[in-house]
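J.: Contents of protein39.cif (mmCIF, N, CA and C atoms) are given next:
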data_upload
#
loop_
_atom_site.label_atom_id
_atom_site.label_comp_id
_atom_site.auth_asym_id
_atom_site.auth_seq_id
_atom_site.Cartn_x
_atom_site.Cartn_y
_atom_site.Cartn_z
N MET A 1 0.85 -1.18 0.00
CA MET A 1 0.00 0.00 0.00
C MET A 1 0.89 1.24 0.00
N ARG A 2 0.61 2.13 -0.92
CA ARG A 2 1.41 3.35 -1.04
C ARG A 2 0.81 4.44 -0.19
N LYS A 3 1.69 5.25 0.37
CA LYS A 3 1.24 6.38 1.17
C LYS A 3 1.12 7.58 0.25
N PRO A 4 0.20 8.44 0.55
CA PRO A 4 0.07 9.65 -0.27
C PRO A 4 1.33 10.50 -0.16
N PRO A 5 1.66 11.23 -1.22
CA PRO A 5 2.85 12.08 -1.18
C PRO A 5 2.75 13.13 -0.08
N GLY A 6 3.90 13.43 0.51
CA GLY A 6 3.92 14.44 1.57
C GLY A 6 3.77 13.83 2.95
N THR A 7 3.50 12.52 3.04
CA THR A 7 3.36 11.86 4.34
C THR A 7 4.76 11.45 4.81
N PRO A 8 5.09 11.79 6.06
CA PRO A 8 6.43 11.41 6.54
C PRO A 8 6.55 9.89 6.64
N ARG A 9 7.72 9.40 6.29
CA ARG A 9 7.98 7.97 6.37
C ARG A 9 8.72 7.66 7.66
N GLN A 10 8.43 6.49 8.21
CA GLN A 10 9.15 6.06 9.40
C GLN A 10 10.32 5.20 8.97
N LYS A 11 11.41 5.34 9.67
CA LYS A 11 12.56 4.51 9.38
C LYS A 11 12.32 3.13 9.97
N LYS A 12 12.73 2.11 9.23
CA LYS A 12 12.55 0.75 9.73
C LYS A 12 13.53 0.47 10.86
N ASN A 13 14.74 0.90 10.72
CA ASN A 13 15.76 0.67 11.74
C ASN A 13 15.96 1.95 12.54
N SER A 14 15.13 2.15 13.53
CA SER A 14 15.27 3.36 14.33
C SER A 14 16.43 3.17 15.30
N VAL A 15 17.08 4.26 15.63
CA VAL A 15 18.24 4.23 16.51
C VAL A 15 17.75 4.04 17.94
N LYS A 16 18.32 3.04 18.61
CA LYS A 16 17.96 2.78 20.00
C LYS A 16 18.80 3.67 20.90
N PRO A 17 18.22 4.13 22.00
CA PRO A 17 18.99 4.98 22.91
C PRO A 17 20.12 4.16 23.55
N VAL A 18 21.25 4.80 23.74
CA VAL A 18 22.41 4.15 24.32
C VAL A 18 22.24 4.13 25.84
N LYS A 19 22.48 2.95 26.43
CA LYS A 19 22.36 2.82 27.88
C LYS A 19 23.66 3.29 28.51
N VAL A 20 23.55 4.26 29.41
CA VAL A 20 24.71 4.80 30.11
C VAL A 20 24.74 4.22 31.51
N ILE A 21 25.88 3.66 31.87
CA ILE A 21 26.03 3.06 33.19
C ILE A 21 26.67 4.09 34.11
N THR A 22 25.99 4.39 35.19
CA THR A 22 26.52 5.32 36.19
C THR A 22 26.49 4.64 37.54
N GLU A 23 26.98 5.34 38.55
CA GLU A 23 26.97 4.80 39.91
C GLU A 23 25.54 4.49 40.37
N GLU A 24 24.59 5.34 39.95
CA GLU A 24 23.21 5.16 40.39
C GLU A 24 22.55 3.97 39.70
N THR A 25 22.88 3.74 38.42
CA THR A 25 22.23 2.66 37.69
C THR A 25 22.94 1.32 37.88
N LEU A 26 24.14 1.33 38.42
CA LEU A 26 24.90 0.11 38.62
C LEU A 26 24.45 -0.57 39.90
N ASP A 27 23.98 -1.79 39.79
CA ASP A 27 23.50 -2.54 40.94
C ASP A 27 24.53 -3.62 41.26
N VAL A 28 25.40 -3.32 42.23
CA VAL A 28 26.45 -4.26 42.60
C VAL A 28 26.10 -4.86 43.95
N LYS A 29 26.10 -6.17 44.00
CA LYS A 29 25.82 -6.88 45.24
C LYS A 29 27.13 -7.28 45.89
N LYS A 30 27.12 -7.44 47.18
CA LYS A 30 28.31 -7.85 47.91
C LYS A 30 28.73 -9.22 47.41
N GLY A 31 29.99 -9.36 47.05
CA GLY A 31 30.49 -10.63 46.54
C GLY A 31 30.55 -10.68 45.03
N ASP A 32 29.88 -9.75 44.32
CA ASP A 32 29.92 -9.73 42.85
C ASP A 32 31.28 -9.27 42.33
N VAL A 33 31.85 -8.29 43.00
CA VAL A 33 33.08 -7.69 42.54
C VAL A 33 34.12 -7.84 43.63
N GLN A 34 35.36 -8.15 43.23
CA GLN A 34 36.44 -8.21 44.20
C GLN A 34 36.88 -6.79 44.51
N SER A 35 37.01 -6.51 45.76
CA SER A 35 37.44 -5.17 46.14
C SER A 35 38.94 -5.16 46.36
N ALA A 36 39.50 -3.97 46.43
CA ALA A 36 40.94 -3.85 46.64
C ALA A 36 41.33 -4.30 48.04
N THR A 37 40.43 -4.12 48.99
CA THR A 37 40.71 -4.59 50.35
C THR A 37 39.93 -5.87 50.57
N ALA A 38 40.63 -6.91 50.88
CA ALA A 38 39.99 -8.21 51.06
C ALA A 38 39.16 -8.21 52.33
N GLU A 39 38.05 -8.89 52.27
CA GLU A 39 37.18 -8.99 53.43
C GLU A 39 37.76 -10.00 54.40
N GLN A 40 37.89 -9.62 55.66
CA GLN A 40 38.45 -10.50 56.67
C GLN A 40 37.36 -11.40 57.24
N LEU A 41 37.64 -12.68 57.26
CA LEU A 41 36.70 -13.59 57.90
C LEU A 41 36.83 -13.43 59.40
N ARG A 42 35.70 -13.56 60.10
CA ARG A 42 35.70 -13.32 61.53
C ARG A 42 35.06 -14.49 62.23
N ILE A 43 35.70 -14.93 63.28
CA ILE A 43 35.15 -16.00 64.11
C ILE A 43 34.18 -15.35 65.09
N PRO A 44 33.00 -15.95 65.25
CA PRO A 44 32.04 -15.36 66.20
C PRO A 44 32.66 -15.25 67.59
N GLY A 45 32.43 -14.12 68.23
CA GLY A 45 32.93 -13.87 69.57
C GLY A 45 34.25 -13.11 69.58
N THR A 46 34.86 -12.89 68.42
CA THR A 46 36.11 -12.12 68.38
C THR A 46 35.79 -10.66 68.14
N PRO A 47 36.71 -9.77 68.44
CA PRO A 47 36.44 -8.35 68.22
C PRO A 47 36.25 -8.04 66.74
N GLU A 48 35.54 -6.94 66.46
CA GLU A 48 35.22 -6.55 65.09
C GLU A 48 36.46 -6.23 64.26
N THR A 49 37.43 -5.50 64.82
CA THR A 49 38.61 -5.11 64.06
C THR A 49 39.71 -6.13 64.28
N PRO A 50 40.36 -6.57 63.20
CA PRO A 50 41.44 -7.53 63.37
C PRO A 50 42.68 -6.86 63.95
N ALA A 51 43.54 -7.65 64.54
CA ALA A 51 44.77 -7.12 65.14
C ALA A 51 45.69 -6.64 64.03
N GLN A 52 46.26 -5.44 64.22
CA GLN A 52 47.13 -4.86 63.22
C GLN A 52 48.58 -5.00 63.69
N PRO A 53 49.51 -5.34 62.78
CA PRO A 53 50.91 -5.42 63.19
C PRO A 53 51.44 -4.02 63.49
N ALA A 54 52.50 -3.97 64.24
CA ALA A 54 53.08 -2.68 64.62
C ALA A 54 53.56 -1.96 63.37
N ALA A 55 53.46 -0.64 63.35
CA ALA A 55 53.84 0.14 62.18
C ALA A 55 55.33 0.03 61.90
N GLY A 56 56.15 -0.05 62.91
CA GLY A 56 57.59 -0.17 62.73
C GLY A 56 57.96 -1.47 62.05
N ALA A 57 57.27 -2.53 62.35
CA ALA A 57 57.57 -3.83 61.74
C ALA A 57 57.26 -3.80 60.25
N ALA A 58 56.17 -3.15 59.87
CA ALA A 58 55.80 -3.07 58.46
C ALA A 58 56.84 -2.27 57.67
N ASN A 59 57.32 -1.16 58.25
CA ASN A 59 58.33 -0.36 57.57
C ASN A 59 59.64 -1.10 57.45
N ALA A 60 60.02 -1.87 58.45
CA ALA A 60 61.26 -2.62 58.40
C ALA A 60 61.21 -3.69 57.32
N ASN A 61 60.06 -4.35 57.18
CA ASN A 61 59.92 -5.36 56.14
C ASN A 61 59.99 -4.74 54.76
N ALA A 62 59.38 -3.58 54.56
CA ALA A 62 59.37 -2.93 53.25
C ALA A 62 60.77 -2.46 52.88
N GLN A 63 61.52 -1.94 53.85
CA GLN A 63 62.86 -1.46 53.55
C GLN A 63 63.84 -2.60 53.39
N GLY A 64 63.65 -3.68 54.08
CA GLY A 64 64.56 -4.81 54.02
C GLY A 64 64.48 -5.56 52.70
N SER A 65 63.36 -5.47 52.01
CA SER A 65 63.20 -6.23 50.77
C SER A 65 63.96 -5.61 49.60
N LYS A 66 64.25 -4.33 49.64
CA LYS A 66 64.93 -3.67 48.52
C LYS A 66 66.16 -2.94 49.04
N ASN A 67 67.27 -3.16 48.40
CA ASN A 67 68.49 -2.42 48.72
C ASN A 67 68.57 -1.22 47.81
N PRO A 68 69.27 -0.19 48.25
CA PRO A 68 69.45 0.97 47.36
C PRO A 68 70.16 0.60 46.07
N SER A 69 71.08 -0.35 46.12
CA SER A 69 71.80 -0.73 44.90
C SER A 69 70.86 -1.42 43.92
N GLU A 70 69.86 -2.17 44.42
CA GLU A 70 68.87 -2.80 43.55
C GLU A 70 68.01 -1.74 42.87
N ASP A 71 67.68 -0.69 43.62
CA ASP A 71 66.90 0.40 43.03
C ASP A 71 67.69 1.10 41.92
N ASP A 72 68.98 1.32 42.17
CA ASP A 72 69.82 1.95 41.16
C ASP A 72 69.93 1.08 39.92
N LYS A 73 70.07 -0.22 40.12
CA LYS A 73 70.15 -1.14 38.98
C LYS A 73 68.85 -1.12 38.19
N GLY A 74 67.72 -1.09 38.90
CA GLY A 74 66.42 -1.04 38.23
C GLY A 74 66.25 0.24 37.43
N ARG A 75 66.66 1.34 38.02
CA ARG A 75 66.56 2.63 37.31
C ARG A 75 67.46 2.65 36.09
N ALA A 76 68.68 2.12 36.24
CA ALA A 76 69.61 2.10 35.12
C ALA A 76 69.07 1.22 33.99
N ALA A 77 68.49 0.07 34.37
CA ALA A 77 67.91 -0.82 33.36
C ALA A 77 66.74 -0.14 32.66
N LEU A 78 65.92 0.57 33.42
CA LEU A 78 64.79 1.28 32.83
C LEU A 78 65.26 2.37 31.87
N LYS A 79 66.27 3.12 32.27
CA LYS A 79 66.80 4.16 31.38
C LYS A 79 67.36 3.55 30.11
N GLU A 80 68.06 2.42 30.26
CA GLU A 80 68.63 1.76 29.08
C GLU A 80 67.53 1.26 28.15
N ARG A 81 66.48 0.71 28.74
CA ARG A 81 65.35 0.21 27.94
C ARG A 81 64.68 1.35 27.19
N VAL A 82 64.49 2.48 27.86
CA VAL A 82 63.86 3.64 27.21
C VAL A 82 64.75 4.15 26.07
N ALA A 83 66.06 4.18 26.31
CA ALA A 83 66.98 4.64 25.26
C ALA A 83 66.96 3.69 24.07
N LEU A 84 66.91 2.38 24.32
CA LEU A 84 66.86 1.41 23.23
C LEU A 84 65.56 1.51 22.44
N LYS A 85 64.46 1.72 23.15
CA LYS A 85 63.17 1.88 22.46
C LYS A 85 63.20 3.11 21.57
N GLU A 86 63.80 4.18 22.05
CA GLU A 86 63.89 5.41 21.25
C GLU A 86 64.77 5.18 20.02
N LYS A 87 65.86 4.44 20.22
CA LYS A 87 66.76 4.14 19.11
C LYS A 87 66.05 3.29 18.06
N ILE A 88 65.27 2.31 18.50
CA ILE A 88 64.51 1.46 17.57
C ILE A 88 63.47 2.29 16.82
N LYS A 89 62.81 3.17 17.54
CA LYS A 89 61.80 4.03 16.91
C LYS A 89 62.43 4.91 15.83
N ASP A 90 63.60 5.47 16.13
CA ASP A 90 64.30 6.31 15.15
C ASP A 90 64.73 5.49 13.93
N ALA A 91 65.23 4.28 14.18
CA ALA A 91 65.67 3.42 13.08
C ALA A 91 64.50 3.04 12.18
N GLN A 92 63.35 2.74 12.80
CA GLN A 92 62.16 2.40 12.01
C GLN A 92 61.69 3.60 11.19
N SER A 93 61.75 4.77 11.79
CA SER A 93 61.36 5.99 11.08
C SER A 93 62.28 6.24 9.89
N ASP A 94 63.59 6.06 10.10
CA ASP A 94 64.55 6.25 9.01
C ASP A 94 64.31 5.23 7.90
N LEU A 95 64.02 3.99 8.28
CA LEU A 95 63.77 2.95 7.28
C LEU A 95 62.54 3.27 6.45
N GLU A 96 61.47 3.71 7.11
CA GLU A 96 60.26 4.08 6.39
C GLU A 96 60.51 5.24 5.43
N LEU A 97 61.32 6.19 5.87
CA LEU A 97 61.65 7.33 5.03
C LEU A 97 62.45 6.89 3.80
N LEU A 98 63.41 6.00 4.01
CA LEU A 98 64.19 5.48 2.88
C LEU A 98 63.30 4.72 1.89
N GLN A 99 62.39 3.93 2.42
CA GLN A 99 61.49 3.17 1.55
C GLN A 99 60.60 4.09 0.73
N ARG A 100 60.10 5.14 1.35
CA ARG A 100 59.27 6.10 0.61
C ARG A 100 60.08 6.83 -0.46
N GLU A 101 61.30 7.21 -0.10
CA GLU A 101 62.17 7.89 -1.06
C GLU A 101 62.48 6.97 -2.23
N TYR A 102 62.74 5.72 -1.95
CA TYR A 102 63.02 4.74 -3.01
C TYR A 102 61.82 4.61 -3.94
N GLN A 103 60.64 4.50 -3.36
CA GLN A 103 59.42 4.34 -4.16
C GLN A 103 59.19 5.56 -5.06
N LEU A 104 59.38 6.75 -4.50
CA LEU A 104 59.20 7.97 -5.30
C LEU A 104 60.22 8.05 -6.44
N ASP A 105 61.48 7.76 -6.12
CA ASP A 105 62.51 7.80 -7.16
C ASP A 105 62.25 6.74 -8.23
N GLN A 106 61.83 5.59 -7.82
CA GLN A 106 61.53 4.52 -8.77
C GLN A 106 60.40 4.94 -9.70
N ASP A 107 59.34 5.49 -9.12
CA ASP A 107 58.22 5.97 -9.95
C ASP A 107 58.68 7.06 -10.92
N SER A 108 59.52 7.96 -10.42
CA SER A 108 60.01 9.05 -11.25
C SER A 108 60.88 8.54 -12.41
N ILE A 109 61.75 7.60 -12.10
CA ILE A 109 62.67 7.09 -13.14
C ILE A 109 61.92 6.27 -14.17
N TYR A 110 61.09 5.35 -13.73
CA TYR A 110 60.42 4.45 -14.67
C TYR A 110 59.23 5.09 -15.39
N SER A 111 58.84 6.28 -14.95
CA SER A 111 57.74 6.95 -15.66
C SER A 111 58.21 7.64 -16.94
N SER A 112 59.50 7.89 -17.03
CA SER A 112 60.01 8.53 -18.26
C SER A 112 60.16 7.49 -19.37
N PRO A 113 59.90 7.88 -20.62
CA PRO A 113 59.94 6.91 -21.72
C PRO A 113 61.35 6.37 -22.00
N ASP A 114 62.38 7.12 -21.65
CA ASP A 114 63.74 6.64 -21.93
C ASP A 114 64.46 6.21 -20.65
N TYR A 115 63.75 5.50 -19.79
CA TYR A 115 64.33 5.07 -18.52
C TYR A 115 65.48 4.09 -18.72
N ALA A 116 65.51 3.37 -19.81
CA ALA A 116 66.58 2.40 -20.07
C ALA A 116 67.92 3.11 -20.24
N LYS A 117 67.93 4.35 -20.71
CA LYS A 117 69.16 5.11 -20.93
C LYS A 117 69.60 5.86 -19.67
N ASN A 118 68.74 5.92 -18.66
CA ASN A 118 69.01 6.68 -17.44
C ASN A 118 69.85 5.84 -16.47
N THR A 119 71.16 5.80 -16.68
CA THR A 119 72.03 4.98 -15.83
C THR A 119 72.24 5.61 -14.46
N SER A 120 72.28 6.93 -14.39
CA SER A 120 72.47 7.57 -13.09
C SER A 120 71.26 7.33 -12.19
N GLY A 121 70.06 7.32 -12.76
CA GLY A 121 68.86 7.02 -11.98
C GLY A 121 68.86 5.60 -11.47
N LYS A 122 69.31 4.66 -12.31
CA LYS A 122 69.37 3.25 -11.89
C LYS A 122 70.41 3.07 -10.79
N GLU A 123 71.53 3.80 -10.89
CA GLU A 123 72.56 3.73 -9.85
C GLU A 123 72.03 4.28 -8.52
N LYS A 124 71.28 5.36 -8.63
CA LYS A 124 70.70 5.95 -7.42
C LYS A 124 69.72 4.97 -6.78
N LEU A 125 68.89 4.29 -7.59
CA LEU A 125 67.96 3.30 -7.06
C LEU A 125 68.71 2.14 -6.41
N ALA A 126 69.79 1.69 -7.04
CA ALA A 126 70.57 0.59 -6.48
C ALA A 126 71.18 0.99 -5.14
N ALA A 127 71.68 2.23 -5.05
CA ALA A 127 72.27 2.71 -3.80
C ALA A 127 71.20 2.80 -2.70
N LEU A 128 70.03 3.32 -3.05
CA LEU A 128 68.94 3.40 -2.06
C LEU A 128 68.51 2.01 -1.61
N LYS A 129 68.43 1.08 -2.55
CA LYS A 129 68.03 -0.28 -2.21
C LYS A 129 69.05 -0.91 -1.26
N GLN A 130 70.33 -0.62 -1.49
CA GLN A 130 71.38 -1.14 -0.62
C GLN A 130 71.26 -0.54 0.78
N ARG A 131 70.99 0.76 0.86
CA ARG A 131 70.82 1.41 2.17
C ARG A 131 69.63 0.83 2.91
N ILE A 132 68.55 0.52 2.18
CA ILE A 132 67.36 -0.06 2.82
C ILE A 132 67.69 -1.44 3.36
N SER A 133 68.39 -2.26 2.57
CA SER A 133 68.71 -3.60 3.06
C SER A 133 69.67 -3.55 4.24
N ASP A 134 70.64 -2.60 4.21
CA ASP A 134 71.54 -2.43 5.36
C ASP A 134 70.77 -1.99 6.60
N SER A 135 69.83 -1.09 6.41
CA SER A 135 69.02 -0.62 7.53
C SER A 135 68.17 -1.75 8.09
N ASN A 136 67.64 -2.60 7.22
CA ASN A 136 66.87 -3.75 7.68
C ASN A 136 67.72 -4.69 8.49
N LYS A 137 68.95 -4.94 8.03
CA LYS A 137 69.86 -5.83 8.75
C LYS A 137 70.21 -5.26 10.11
N ASN A 138 70.45 -3.96 10.18
CA ASN A 138 70.80 -3.32 11.45
C ASN A 138 69.63 -3.33 12.42
N SER A 139 68.44 -3.16 11.93
CA SER A 139 67.29 -3.09 12.83
C SER A 139 66.90 -4.46 13.37
N THR A 140 67.22 -5.54 12.64
CA THR A 140 66.88 -6.87 13.13
C THR A 140 67.93 -7.41 14.07
N ASN A 141 69.12 -6.84 14.07
CA ASN A 141 70.19 -7.33 14.98
C ASN A 141 70.15 -6.63 16.29
#
Give the structure from this file in structure tokens form.

T.:
Amino acid sequence: MRKPPGTPRQKKNSVKPVKVITEETLDVKKGDVQSATAEQLRIPGTPETPAQPAAGAANANAQGSKNPSEDDKGRAALKERVALKEKIKDAQSDLELLQREYQLDQDSIYSSPDYAKNTSGKEKLAALKQRISDSNKNSTN
């Protein structure tokens, strides 16, 4: 059945409203989610708050587990890792640049009708190709 002209048409696939989850709409029951602080089991008849170790003992354990020299080694290793990642990133960027330059030069050389006579262009392409392969070898080692 056709509708008369000028009658608005309804879309078959209407957009459904997006459900937004907020603190108010979220219904979390105890035990559904693990919390950052573990729930202490309690024996009936014991006090509500569990016994806490002395503050000095906790600090001594935390300091005893790490030596200053271990911290220095960790920092040095982290700095070295960051420097290596930066070096790898630079090498990859240089390789991509060489590959793009090679592609552009190749397109430029082979687009001319007398590319067979262009020996300097072929030499330039060969040199670029060699630099790309050297860069690939260096980046994989």

J.: Measuring atom to atom with all atoms listed in the file, identify which of A:Ser135, A:Asn118, A:Leu104, A:Lys129 is nearest to Ala91 in chain A.

T.: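 For Ala91 in chain A, the nearest of the given residues is A:Ser135.
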
J.: CA of Ser120 in chain A and CA of Asp94 in chain A are how many Å apart?

T.: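 Spanning CA of Ser120 in chain A to CA of Asp94 in chain A is a straight-line distance of 23.5 Å.
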
J.: What does the distance from atom N of Gln106 in chain A to atom C of Gly121 in chain A come to in Å, to one decimal?

T.: 7.9 Å

J.: Taking only C-alpha atoms into account, name the residue in A:Lys19, A:Arg75, A:Arg131, A:Lys122 that is nearest to Asp107 in chain A.

T.: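 Of A:Lys19, A:Arg75, A:Arg131, A:Lys122, the one nearest Asp107 in chain A, counting only C-alpha atoms, is A:Lys122.
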
J.: Grab the atom N of Lys79 in chain A to CA of Lys137 in chain A distance for me, in Å with one decimal place.

T.: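 These atoms are spaced 25.4 Å apart.
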